[in-house]
>>> print(open('model_11.cif').read())   # mmCIF, C-alpha atoms
data_work
loop_
_atom_site.label_atom_id
_atom_site.label_comp_id
_atom_site.auth_asym_id
_atom_site.auth_seq_id
_atom_site.Cartn_x
_atom_site.Cartn_y
_atom_site.Cartn_z
CA PRO G 1030 -86.44 2.37 -120.27
CA ALA G 1031 -83.43 4.59 -120.96
CA TYR G 1032 -82.67 5.87 -124.42
CA HIS G 1033 -79.17 6.71 -125.64
CA THR G 1034 -78.46 8.93 -128.64
CA ASP G 1035 -74.94 9.03 -130.14
CA MET G 1036 -73.96 12.68 -130.86
CA ILE G 1037 -72.11 12.90 -134.19
CA TYR G 1038 -70.04 16.15 -134.77
CA THR G 1039 -69.98 17.32 -138.35
CA ASP G 1040 -67.06 19.65 -139.38
CA GLU G 1041 -68.09 21.85 -142.28
CA THR G 1042 -65.68 24.76 -141.64
CA GLY G 1043 -62.70 25.35 -143.90
CA PRO G 1044 -59.19 26.49 -142.90
CA GLU G 1045 -58.62 29.71 -141.00
CA VAL G 1046 -56.13 32.28 -142.27
CA GLU G 1047 -54.05 34.82 -140.33
CA ILE G 1048 -51.76 37.26 -142.13
CA GLU G 1049 -48.29 37.42 -140.58
CA LEU G 1050 -46.17 39.60 -142.86
CA PRO G 1051 -46.15 42.03 -144.41
CA ASN G 1052 -49.26 43.41 -142.78
CA PRO G 1053 -51.84 45.09 -145.03
CA GLU G 1054 -50.91 48.56 -146.33
CA THR G 1055 -47.44 48.56 -144.81
CA PHE G 1056 -44.10 49.34 -146.44
CA THR G 1057 -41.10 47.12 -146.96
CA SER G 1058 -37.60 48.12 -148.01
CA CYS G 1059 -36.69 44.55 -148.98
CA PRO G 1060 -36.78 43.91 -152.72
CA SER G 1061 -37.25 40.16 -152.10
CA GLN G 1062 -39.79 40.55 -149.32
CA ALA G 1063 -41.14 37.18 -148.15
CA ILE G 1064 -44.90 36.77 -147.66
CA SER G 1065 -46.10 34.70 -144.73
CA MET G 1066 -49.47 33.69 -143.32
CA ARG G 1067 -50.88 31.04 -140.98
CA VAL G 1068 -53.27 28.59 -142.68
CA GLN G 1069 -54.62 26.07 -140.16
CA ASP G 1070 -57.51 23.79 -139.41
CA THR G 1071 -58.26 21.33 -136.58
CA ARG G 1072 -58.57 18.57 -139.17
CA GLY G 1073 -55.37 19.61 -140.88
CA VAL G 1074 -54.83 21.41 -144.15
CA ASP G 1075 -54.34 19.64 -147.46
CA PRO G 1076 -51.30 21.45 -148.98
CA SER G 1077 -52.13 20.27 -152.48
CA THR G 1078 -55.27 22.44 -152.43
CA ILE G 1079 -53.47 25.70 -151.65
CA VAL G 1080 -53.48 28.32 -154.40
CA LEU G 1081 -51.80 31.69 -153.75
CA GLU G 1082 -51.88 34.58 -156.20
CA VAL G 1083 -49.16 37.26 -156.09
CA GLN G 1084 -49.21 40.12 -158.58
CA GLY G 1085 -51.69 38.25 -160.77
CA THR G 1086 -49.66 35.01 -160.93
CA GLU G 1087 -51.01 31.85 -159.30
CA TYR G 1088 -48.71 29.56 -157.30
CA THR G 1089 -49.26 26.03 -155.92
CA MET G 1090 -47.14 23.58 -153.98
CA GLU G 1091 -45.59 22.53 -157.26
CA ASP G 1092 -43.90 25.94 -157.53
CA PRO G 1093 -40.60 26.46 -155.68
CA GLU G 1094 -41.66 29.91 -154.50
CA LEU G 1095 -44.38 28.41 -152.25
CA ASN G 1096 -43.75 26.34 -149.14
CA TYR G 1097 -46.11 25.06 -146.42
CA ILE G 1098 -44.99 23.77 -143.05
CA THR G 1099 -47.98 23.53 -140.77
CA PRO G 1100 -49.33 26.06 -140.10
CA ALA G 1101 -47.05 28.49 -141.95
CA LEU G 1102 -47.51 29.23 -145.64
CA MET G 1103 -44.45 31.03 -146.99
CA PHE G 1104 -43.92 32.70 -150.36
CA SER G 1105 -40.43 33.76 -151.51
CA PRO G 1106 -40.37 35.68 -154.80
CA ALA G 1107 -38.05 34.38 -157.50
CA GLU G 1108 -37.61 37.89 -158.89
CA PRO G 1109 -37.26 40.95 -156.65
CA PHE G 1110 -40.04 43.47 -156.43
CA GLU G 1111 -39.42 46.94 -157.85
CA ASP G 1112 -39.39 50.27 -156.08
CA GLY G 1113 -42.89 51.69 -155.87
CA ASP G 1114 -44.64 48.36 -156.43
CA THR G 1115 -48.02 47.76 -154.84
CA VAL G 1116 -47.94 44.02 -154.20
CA GLU G 1117 -51.37 42.36 -154.31
CA VAL G 1118 -51.67 39.04 -152.48
CA VAL G 1119 -54.71 36.72 -152.64
CA LEU G 1120 -55.06 33.31 -151.04
CA LEU G 1121 -57.50 31.87 -153.54
CA ALA G 1122 -57.98 28.35 -152.20
CA ALA G 1123 -57.13 26.00 -149.35
CA GLU G 1124 -59.04 22.95 -148.05
CA ASP G 1125 -58.86 20.93 -144.87
CA SER G 1126 -58.47 17.16 -144.86
CA LEU G 1127 -62.22 16.76 -145.12
CA GLY G 1128 -62.45 18.91 -148.22
CA ASN G 1129 -63.90 21.95 -146.51
CA GLU G 1130 -62.91 25.07 -148.45
CA LEU G 1131 -62.05 28.62 -147.43
CA GLU G 1132 -65.17 30.61 -146.74
CA GLU G 1133 -63.83 33.32 -149.06
CA PRO G 1134 -60.48 34.37 -150.57
CA VAL G 1135 -58.18 36.34 -148.32
CA ASP G 1136 -56.58 39.31 -150.02
CA TRP G 1137 -54.45 42.28 -149.06
CA GLU G 1138 -51.67 44.51 -150.42
CA PHE G 1139 -48.41 46.00 -149.27
CA TYR G 1140 -45.96 48.48 -150.74
CA VAL G 1141 -42.31 48.34 -151.78
CA ASP G 1142 -40.13 51.37 -150.95
CA LEU G 1143 -36.50 51.02 -152.01
CA SER G 1144 -35.60 54.73 -152.33
CA PRO G 1145 -34.14 56.93 -149.57
CA PRO G 1146 -35.66 60.30 -148.70
CA THR G 1147 -34.54 63.42 -150.53
CA ALA G 1148 -33.80 66.90 -149.19
CA ASP G 1149 -34.03 70.32 -150.78
CA MET G 1150 -33.46 73.79 -149.38
CA ILE G 1151 -36.38 75.97 -150.39
CA PHE G 1152 -35.44 79.12 -148.42
CA PRO G 1153 -33.07 80.68 -148.97
CA GLU G 1154 -32.72 79.13 -152.38
CA PRO G 1155 -29.48 77.21 -152.93
CA ASN G 1156 -26.56 79.44 -154.01
CA SER G 1157 -28.67 82.57 -153.47
CA ILE G 1158 -27.80 85.80 -151.66
CA THR G 1159 -29.65 87.04 -148.59
CA THR G 1160 -29.14 90.19 -146.54
CA CYS G 1161 -30.78 88.75 -143.40
CA SER G 1162 -28.40 87.52 -140.73
CA ASP G 1163 -31.26 86.15 -138.62
CA SER G 1164 -33.21 84.43 -141.39
CA THR G 1165 -34.82 81.05 -140.83
CA ILE G 1166 -33.90 78.20 -143.15
CA GLU G 1167 -36.52 75.94 -144.73
CA LEU G 1168 -35.72 72.40 -145.78
CA LEU G 1169 -38.12 70.20 -147.73
CA LEU G 1170 -37.72 66.52 -146.84
CA GLN G 1171 -39.63 64.11 -149.05
CA ASP G 1172 -40.05 60.37 -149.40
CA THR G 1173 -42.10 58.83 -152.17
CA GLY G 1174 -43.04 55.84 -150.06
CA SER G 1175 -43.19 55.28 -146.34
CA GLY G 1176 -42.46 58.83 -145.19
CA ILE G 1177 -39.81 60.52 -143.04
CA ASN G 1178 -38.66 59.41 -139.62
CA TYR G 1179 -38.18 62.90 -138.19
CA ASP G 1180 -36.86 61.53 -134.90
CA ALA G 1181 -33.78 60.30 -136.77
CA VAL G 1182 -33.06 63.52 -138.70
CA GLU G 1183 -29.61 65.06 -138.07
CA LEU G 1184 -28.92 68.61 -139.27
CA GLY G 1185 -26.02 71.04 -139.09
CA LEU G 1186 -24.77 74.51 -140.01
CA ASN G 1187 -21.29 75.01 -141.42
CA ASP G 1188 -20.52 71.35 -140.70
CA SER G 1189 -21.43 71.68 -137.00
CA PRO G 1190 -24.42 69.72 -135.64
CA ILE G 1191 -27.42 71.67 -134.39
CA SER G 1192 -29.91 70.49 -131.82
CA SER G 1193 -33.44 69.48 -132.74
CA ASP G 1194 -34.47 72.28 -130.37
CA ASN G 1195 -33.47 74.66 -133.16
CA TRP G 1196 -35.90 73.28 -135.74
CA GLU G 1197 -39.52 72.28 -136.06
CA VAL G 1198 -41.58 70.30 -138.55
CA ARG G 1199 -44.44 71.90 -140.45
CA GLY G 1200 -45.99 69.43 -142.85
CA ASP G 1201 -43.12 68.12 -144.96
CA THR G 1202 -40.95 71.17 -144.23
CA ILE G 1203 -38.35 71.64 -141.50
CA ILE G 1204 -38.01 75.24 -140.27
CA VAL G 1205 -34.52 75.83 -138.90
CA SER G 1206 -33.82 78.75 -136.58
CA PRO G 1207 -30.02 79.18 -136.53
CA PRO G 1208 -28.67 79.11 -132.98
CA ILE G 1209 -26.35 82.03 -133.79
CA VAL G 1210 -26.51 85.22 -135.84
CA LEU G 1211 -25.17 84.41 -139.28
CA SER G 1212 -21.97 86.18 -140.29
CA GLU G 1213 -21.32 87.63 -143.72
CA GLY G 1214 -20.15 85.03 -146.20
CA GLU G 1215 -21.13 81.55 -147.31
CA VAL G 1216 -23.35 79.43 -145.07
CA THR G 1217 -23.47 75.65 -145.46
CA VAL G 1218 -26.61 73.79 -144.41
CA ASN G 1219 -25.95 70.11 -143.66
CA VAL G 1220 -28.40 67.22 -143.75
CA PHE G 1221 -26.17 64.69 -142.02
CA TYR G 1222 -28.75 61.90 -141.90
CA VAL G 1223 -32.36 61.20 -142.78
CA GLU G 1224 -34.28 57.92 -143.06
CA ASP G 1225 -37.76 56.70 -143.97
CA VAL G 1226 -40.13 54.57 -141.87
CA ALA G 1227 -40.34 51.30 -143.79
CA GLN G 1228 -41.83 48.72 -141.42
CA TYR G 1229 -39.87 45.76 -142.77
CA CYS G 1230 -36.10 45.49 -143.27
CA GLU G 1231 -33.74 48.38 -142.60
CA PRO G 1232 -35.02 51.87 -143.41
CA ASN G 1233 -33.80 53.57 -146.55
CA SER G 1234 -31.44 56.36 -145.55
CA ALA G 1235 -29.48 59.23 -147.04
CA GLU G 1236 -26.59 61.18 -145.58
CA GLY G 1237 -24.03 63.82 -146.39
CA MET G 1238 -26.34 66.20 -148.25
CA GLU G 1239 -25.49 69.90 -148.09
CA PHE G 1240 -26.68 73.20 -149.50
CA SER G 1241 -25.23 76.69 -149.37
CA PHE G 1242 -26.25 80.32 -149.57
CA THR G 1243 -24.45 83.60 -148.93
CA VAL G 1244 -25.16 86.27 -146.32
CA ASP G 1245 -24.38 89.76 -147.64
CA LEU G 1246 -24.40 92.48 -144.98
CA THR G 1247 -22.38 95.11 -146.86
CA GLY G 1248 -23.77 97.54 -149.40
CA PRO G 1249 -22.20 98.80 -152.62
CA VAL G 1250 -18.96 100.77 -152.64
CA CYS G 1251 -18.43 103.88 -154.80
CA GLU G 1252 -15.11 105.10 -156.15
CA PRO G 1253 -14.67 108.25 -158.28
CA GLN G 1254 -12.82 107.40 -161.47
CA PHE G 1255 -12.80 110.58 -163.57
CA PRO G 1256 -12.43 113.38 -162.90
CA LEU G 1257 -10.82 112.68 -159.54
CA PRO G 1258 -11.85 114.66 -156.44
CA GLY G 1259 -10.48 118.19 -156.53
CA GLN G 1260 -9.37 117.90 -160.14
CA LEU G 1261 -9.48 120.84 -162.53
CA VAL G 1262 -11.20 120.05 -165.82
CA ASP G 1263 -10.72 122.00 -169.02
CA THR G 1264 -14.18 121.50 -170.49
CA LEU G 1265 -17.50 123.06 -169.65
CA ASN G 1266 -19.26 119.67 -169.99
CA PRO G 1267 -17.05 117.04 -168.38
CA ASN G 1268 -17.94 113.36 -168.55
CA ILE G 1269 -18.08 111.99 -164.99
CA THR G 1270 -17.37 108.33 -164.21
CA LEU G 1271 -17.98 106.51 -160.92
CA ARG G 1272 -17.14 102.89 -160.16
CA ILE G 1273 -19.92 101.17 -158.17
CA THR G 1274 -19.29 97.60 -156.98
CA ASP G 1275 -20.69 95.07 -154.53
CA ASN G 1276 -19.01 92.03 -152.99
CA TYR G 1277 -21.69 89.49 -153.92
CA THR G 1278 -24.47 90.82 -156.13
CA ALA G 1279 -25.09 93.05 -159.09
CA ILE G 1280 -26.08 96.67 -158.53
CA ASP G 1281 -29.80 97.33 -158.78
CA THR G 1282 -29.74 99.92 -161.56
CA SER G 1283 -33.22 101.16 -160.67
CA SER G 1284 -31.85 102.32 -157.31
CA ILE G 1285 -29.14 104.59 -158.76
CA VAL G 1286 -29.65 108.29 -158.01
CA VAL G 1287 -26.89 110.89 -158.40
CA ALA G 1288 -26.92 114.62 -157.66
CA ILE G 1289 -24.78 117.12 -159.56
CA ASN G 1290 -25.05 120.50 -157.89
CA GLU G 1291 -28.80 121.18 -157.78
CA ASP G 1292 -29.75 118.59 -160.40
CA THR G 1293 -30.76 115.00 -159.66
CA LEU G 1294 -30.35 112.19 -162.17
CA SER G 1295 -31.56 108.61 -161.90
CA TYR G 1296 -31.01 105.52 -163.99
CA GLY G 1297 -32.82 106.06 -167.28
CA SER G 1298 -32.19 109.81 -167.30
CA SER G 1299 -30.60 111.28 -170.43
CA GLY G 1300 -26.84 111.19 -170.28
CA LEU G 1301 -26.63 108.60 -167.51
CA ASP G 1302 -25.49 105.06 -168.25
CA PHE G 1303 -24.39 102.12 -166.07
CA LEU G 1304 -22.42 99.28 -167.60
CA GLU G 1305 -20.18 96.61 -166.06
CA GLY G 1306 -19.89 98.48 -162.77
CA TYR G 1307 -19.21 101.94 -164.21
CA LEU G 1308 -21.66 104.81 -163.88
CA ARG G 1309 -20.99 107.27 -166.71
CA ILE G 1310 -22.59 110.70 -166.79
CA ASP G 1311 -22.49 112.77 -169.97
CA THR G 1312 -23.27 116.21 -168.55
CA TYR G 1313 -23.95 117.64 -172.01
CA GLU G 1314 -26.53 114.95 -172.82
CA ALA G 1315 -27.98 115.44 -169.35
CA GLY G 1316 -28.57 119.12 -170.14
CA LEU G 1317 -26.31 120.44 -167.40
CA ILE G 1318 -24.68 123.86 -167.91
CA PHE G 1319 -21.53 125.01 -166.11
CA GLU G 1320 -19.45 128.19 -166.16
CA PRO G 1321 -15.66 128.66 -166.19
CA GLY G 1322 -14.34 128.47 -162.66
CA GLU G 1323 -17.53 126.84 -161.38
CA SER G 1324 -17.28 124.12 -158.75
CA ILE G 1325 -19.20 120.92 -159.45
CA PHE G 1326 -20.45 118.88 -156.50
CA VAL G 1327 -21.04 115.21 -157.37
CA GLN G 1328 -22.86 112.95 -154.93
CA LEU G 1329 -24.11 109.41 -155.40
CA ILE G 1330 -27.29 109.58 -153.34
CA SER G 1331 -28.47 106.01 -153.76
CA ALA G 1332 -27.31 102.64 -155.09
CA THR G 1333 -28.31 99.28 -153.61
CA ASP G 1334 -27.33 95.71 -154.22
CA SER G 1335 -29.79 93.05 -155.44
CA PRO G 1336 -30.12 90.14 -152.99
CA SER G 1337 -32.31 87.13 -153.65
CA SER G 1338 -34.14 87.65 -150.36
CA CYS G 1339 -34.57 90.29 -147.64
CA GLU G 1340 -34.05 94.02 -148.11
CA PRO G 1341 -31.18 95.31 -150.28
CA ASN G 1342 -28.15 96.89 -148.65
CA PRO G 1343 -27.69 100.66 -149.20
CA LEU G 1344 -24.36 102.32 -149.99
CA SER G 1345 -21.67 101.32 -147.51
CA THR G 1346 -20.10 104.79 -147.38
CA PRO G 1347 -21.09 108.25 -148.62
CA CYS G 1348 -19.82 109.06 -152.08
CA GLY G 1349 -19.55 112.78 -152.71
CA TYR G 1350 -16.79 115.02 -153.95
CA GLN G 1351 -15.99 118.27 -155.77
CA LEU G 1352 -14.25 119.19 -159.00
CA THR G 1353 -13.75 122.53 -160.70
CA ILE G 1354 -14.19 123.83 -164.24
CA LEU G 1355 -10.92 125.41 -165.31
CA GLY G 1356 -11.28 129.22 -165.64
CA ASP G 1357 -9.14 132.34 -165.36
CA ILE G 1358 -7.51 131.28 -162.13
CA GLY G 1359 -3.96 132.11 -163.23
CA ARG G 1360 -2.33 134.93 -165.21
CA LEU G 1361 1.17 135.87 -166.24
CA LEU G 1362 2.38 139.25 -165.04
CA GLU G 1363 4.41 141.52 -167.34
CA CYS G 1364 8.13 141.06 -167.19
CA VAL G 1365 11.14 142.52 -169.09
CA GLY G 1366 14.66 141.19 -169.38
CA ALA G 1367 17.88 141.93 -171.23
CA PRO G 1368 19.85 139.36 -173.20
CA ALA G 1369 21.72 136.86 -171.00
CA GLU G 1370 19.80 138.14 -167.97
CA THR G 1371 17.96 135.79 -165.63
CA VAL G 1372 14.27 136.64 -165.86
CA TYR G 1373 11.59 135.71 -163.31
CA LEU G 1374 8.07 135.19 -164.71
CA PRO G 1375 5.56 135.92 -161.96
CA LEU G 1376 2.41 133.73 -162.28
CA THR G 1377 -0.41 134.75 -159.97
CA PHE G 1378 -3.33 132.47 -158.99
CA GLU G 1379 -6.70 133.68 -157.81
CA SER G 1380 -9.78 131.98 -156.35
CA ILE G 1381 -8.29 128.53 -155.90
CA GLU G 1382 -9.79 127.95 -152.46
CA GLY G 1383 -11.76 124.70 -152.37
CA THR G 1384 -10.16 123.26 -155.51
CA HIS G 1385 -7.96 120.83 -153.53
CA LEU G 1386 -5.11 121.84 -155.81
CA THR G 1387 -2.11 119.65 -154.97
CA SER G 1388 0.21 120.02 -157.96
CA LEU G 1389 1.07 122.29 -160.87
CA SER G 1390 2.56 121.48 -164.23
CA PHE G 1391 4.08 124.01 -166.64
CA GLU G 1392 4.86 123.80 -170.29
CA ILE G 1393 7.44 126.48 -171.18
CA ASN G 1394 8.48 127.11 -174.76
CA SER G 1395 12.01 128.57 -174.42
CA ASN G 1396 14.62 129.59 -176.88
CA PRO G 1397 16.68 126.52 -177.78
CA GLU G 1398 19.82 128.66 -177.50
CA VAL G 1399 19.21 129.11 -173.78
CA ALA G 1400 21.80 126.85 -172.22
CA GLU G 1401 20.91 127.17 -168.55
CA PRO G 1402 17.89 125.22 -167.16
CA ILE G 1403 14.75 127.02 -166.24
CA ASP G 1404 13.77 126.85 -162.52
CA VAL G 1405 10.35 127.13 -160.97
CA VAL G 1406 10.24 128.92 -157.65
CA THR G 1407 7.10 128.96 -155.47
CA ALA G 1408 6.17 131.54 -152.90
CA ASP G 1409 3.39 132.68 -150.57
CA GLY G 1410 2.45 129.20 -149.44
CA LEU G 1411 1.85 127.75 -152.88
#
>>> encode(input="model_11.cif", output="structure tokens")
Amino acid sequence: PAYHTDMIYTDETGPEVEIELPNPETFTSCPSQAISMRVQDTRGVDPSTIVLEVQGTEYTMEDPELNYITPALMFSPAEPFEDGDTVEVVLLAAEDSLGNELEEPVDWEFYVDLSPPTADMIFPEPNSITTCSDSTIELLLQDTGSGINYDAVELGLNDSPISSDNWEVRGDTIIVSPPIVLSEGEVTVNVFYVEDVAQYCEPNSAEGMEFSFTVDLTGPVCEPQFPLPGQLVDTLNPNITLRITDNYTAIDTSSIVVAINEDTLSYGSSGLDFLEGYLRIDTYEAGLIFEPGESIFVQLISATDSPSSCEPNPLSTPCGYQLTILGDIGRLLECVGAPAETVYLPLTFESIEGTHLTSLSFEINSNPEVAEPIDVVTADGL
């Protein structure tokens, strides 16, 4: 005899779940990011058994935020997420038409990034002074969320785009090698465009950022103020003043060195002071001794500027000159005249070579009764 056994299939497996969006540990730039997953079963899913938890709040089919159209379960937040949120999602419960439950809750998290990247120039520092015309430029690009899409970065110098061949990425820093030697003056570094890498919705982007620094290729300039070159001074201890200026930076006072004849003075020496661009030397306080008729040779040996980066610039031009202590360089010769006679007063000069004498002034105390003007006549090349 033949025996027949009816095979009865028993379904004891609950619904299966597949996450659609956002995927676990991804970033979204949408504040009202929808959450979607596939919840399905061969016997069908009972929507009334679905319980979804988002950020600690449970939702069922009675809530307007939750919608189920086989097999898609969709959540739309009533209130937007905030920048920096870590959104925790848990499908707590779902049963098929036979009452079979989920084997275990399905949970994951994603991140909300609503802020664009930021840019900073870290070398040279913004608004700083550098003496390097071939210096690299370092930009720090940061994003608090998804990170930087470096393939989309657009940079420029002085409002002109530069190729990505002229920069490289090291960590979160872009090292820019200018395609040309930088000229003296202000340099503008442009970040035309930068975006992050949020996986959902449009990336957060920033544009039109710029920074500047100044290239200084010229050193300080020195100008004698008093006494002037070649001038005769009527004191044995003249005060000497030099004007020292720079186009962009302050003078580094520690670099100032001046020579007066055989003596060398530096900033901090007695009698030497530098204030508001003027170097003043009190030769008496400095302990310098001169004689009548002596020539004084003044030379500014050193003075540098004070850039923020790279080596300081030295003096642009030499600054040295001569002045002379007034001595017995002139004398009045004896002369005799009768009343109403024109009298010539011979005045002889000696040892004036090297004094750069260019003019003479006379003060003559004459008798007020003399009606005719007094003339000065020069001779012998003077």
>>> closest_atom_pairs(input="model_11.cif", of="stretch 1239-1260 of chain G", to="stretch 1212-1224 of chain G", cutoff="6 Å", atoms="all atoms listed in the file", output="JSON lines")
{"residue": "G:Glu1239", "atom": "CA", "partner": "G:Asn1219", "partner_atom": "CA", "distance": 4.5}
{"residue": "G:Phe1240", "atom": "CA", "partner": "G:Val1218", "partner_atom": "CA", "distance": 5.1}
{"residue": "G:Ser1241", "atom": "CA", "partner": "G:Thr1217", "partner_atom": "CA", "distance": 4.4}
{"residue": "G:Phe1242", "atom": "CA", "partner": "G:Val1216", "partner_atom": "CA", "distance": 5.4}
{"residue": "G:Thr1243", "atom": "CA", "partner": "G:Glu1215", "partner_atom": "CA", "distance": 4.2}
{"residue": "G:Val1244", "atom": "CA", "partner": "G:Glu1213", "partner_atom": "CA", "distance": 4.8}
{"residue": "G:Asp1245", "atom": "CA", "partner": "G:Glu1213", "partner_atom": "CA", "distance": 5.4}
{"residue": "G:Leu1246", "atom": "CA", "partner": "G:Glu1213", "partner_atom": "CA", "distance": 5.9}
>>> atom_distance(input="model_11.cif", atom1="atom CA of G:Asp1114", atom2="atom CA of G:Val1141")
5.2 Å
>>> resolve_selection(input="model_11.cif", expression="the PyMOL selection byres ((chain G and resi 1248-1265) around 7)", output="number ranges by chain")
G: 1246-1247, 1266-1267, 1269-1275, 1319-1321, 1332-1334, 1342-1346, 1348, 1350-1355, 1384-1386
>>> resolve_selection(input="model_11.cif", expression="the PyMOL selection byres ((chain G and resi 1070) around 10)", output="PDB file with C-alpha atoms, in the coordinates of the input")
ATOM      1  CA  THR G1042     -65.680  24.760-141.640  1.00  0.00           C
ATOM      2  CA  GLY G1043     -62.700  25.350-143.900  1.00  0.00           C
ATOM      3  CA  PRO G1044     -59.190  26.490-142.900  1.00  0.00           C
ATOM      4  CA  GLU G1045     -58.620  29.710-141.000  1.00  0.00           C
ATOM      5  CA  VAL G1046     -56.130  32.280-142.270  1.00  0.00           C
ATOM      6  CA  ARG G1067     -50.880  31.040-140.980  1.00  0.00           C
ATOM      7  CA  VAL G1068     -53.270  28.590-142.680  1.00  0.00           C
ATOM      8  CA  GLN G1069     -54.620  26.070-140.160  1.00  0.00           C
ATOM      9  CA  THR G1071     -58.260  21.330-136.580  1.00  0.00           C
ATOM     10  CA  ARG G1072     -58.570  18.570-139.170  1.00  0.00           C
ATOM     11  CA  GLY G1073     -55.370  19.610-140.880  1.00  0.00           C
ATOM     12  CA  VAL G1074     -54.830  21.410-144.150  1.00  0.00           C
ATOM     13  CA  ASP G1075     -54.340  19.640-147.460  1.00  0.00           C
ATOM     14  CA  THR G1099     -47.980  23.530-140.770  1.00  0.00           C
ATOM     15  CA  PRO G1100     -49.330  26.060-140.100  1.00  0.00           C
ATOM     16  CA  GLU G1124     -59.040  22.950-148.050  1.00  0.00           C
ATOM     17  CA  ASP G1125     -58.860  20.930-144.870  1.00  0.00           C
ATOM     18  CA  SER G1126     -58.470  17.160-144.860  1.00  0.00           C
ATOM     19  CA  ASN G1129     -63.900  21.950-146.510  1.00  0.00           C
TER      20      ASN G1129
END
>>> atom_distance(input="model_11.cif", atom1="atom CA of G:Leu1131", atom2="atom CA of G:Gln1062")
25.3 Å
>>> residues_around(input="model_11.cif", residues="G:Ser1299", least_positions_apart="6", cutoff="12 Å", atoms="only C-alpha atoms", output="ChimeraX atom specification")
/G:1293,1309-1317
>>> residues_around(input="model_11.cif", residues="G:Phe1152", least_positions_apart="6", cutoff="9 Å", atoms="all atoms listed in the file", output="list in words")
Thr1165, Ile1166, Glu1167, Leu1168 and Ser1338 of chain G
>>> residues_around(input="model_11.cif", residues="G:Gly1174", least_positions_apart="4", cutoff="12 Å", atoms="all atoms listed in the file", output="VMD selection string")
chain G and resid 1054 to 1058 1112 to 1115 1139 to 1147 1178 1224 to 1228 1232 to 1233
>>> atom_distance(input="model_11.cif", atom1="atom CA of G:Val1327", atom2="atom CA of G:Leu1294")
10.9 Å
>>> resolve_selection(input="model_11.cif", expression="the PyMOL selection byres ((chain G and resi 1281) around 8)", output="JSON, numbers by chain")
{"G": [1279, 1280, 1282, 1283, 1284, 1285, 1332, 1333, 1334, 1335]}
>>> closest_residue(input="model_11.cif", among="G:Val1118, G:Ile1209, G:Ile1079, G:Ala1235", to="G:Gln1171", atoms="only C-alpha atoms")
G:Ala1235
>>> axis_aligned_box(input="model_11.cif", around="stretch 1093-1109 of chain G", padding_each_side="6 Å", output="JSON")
{"center_x": -43.3, "center_y": 32.2, "center_z": -149.5, "size_x": 24.1, "size_y": 29.4, "size_z": 30.8}
>>> closest_residue(input="model_11.cif", among="G:Ala1122, G:Glu1138, G:Glu1108, G:Asn1052", to="G:Met1090", atoms="only C-alpha atoms")
G:Ala1122
>>> closest_residue(input="model_11.cif", among="G:Pro1134, G:Pro1093, G:Pro1207, G:Gly1297", to="G:Ser1164", atoms="all atoms listed in the file")
G:Pro1207
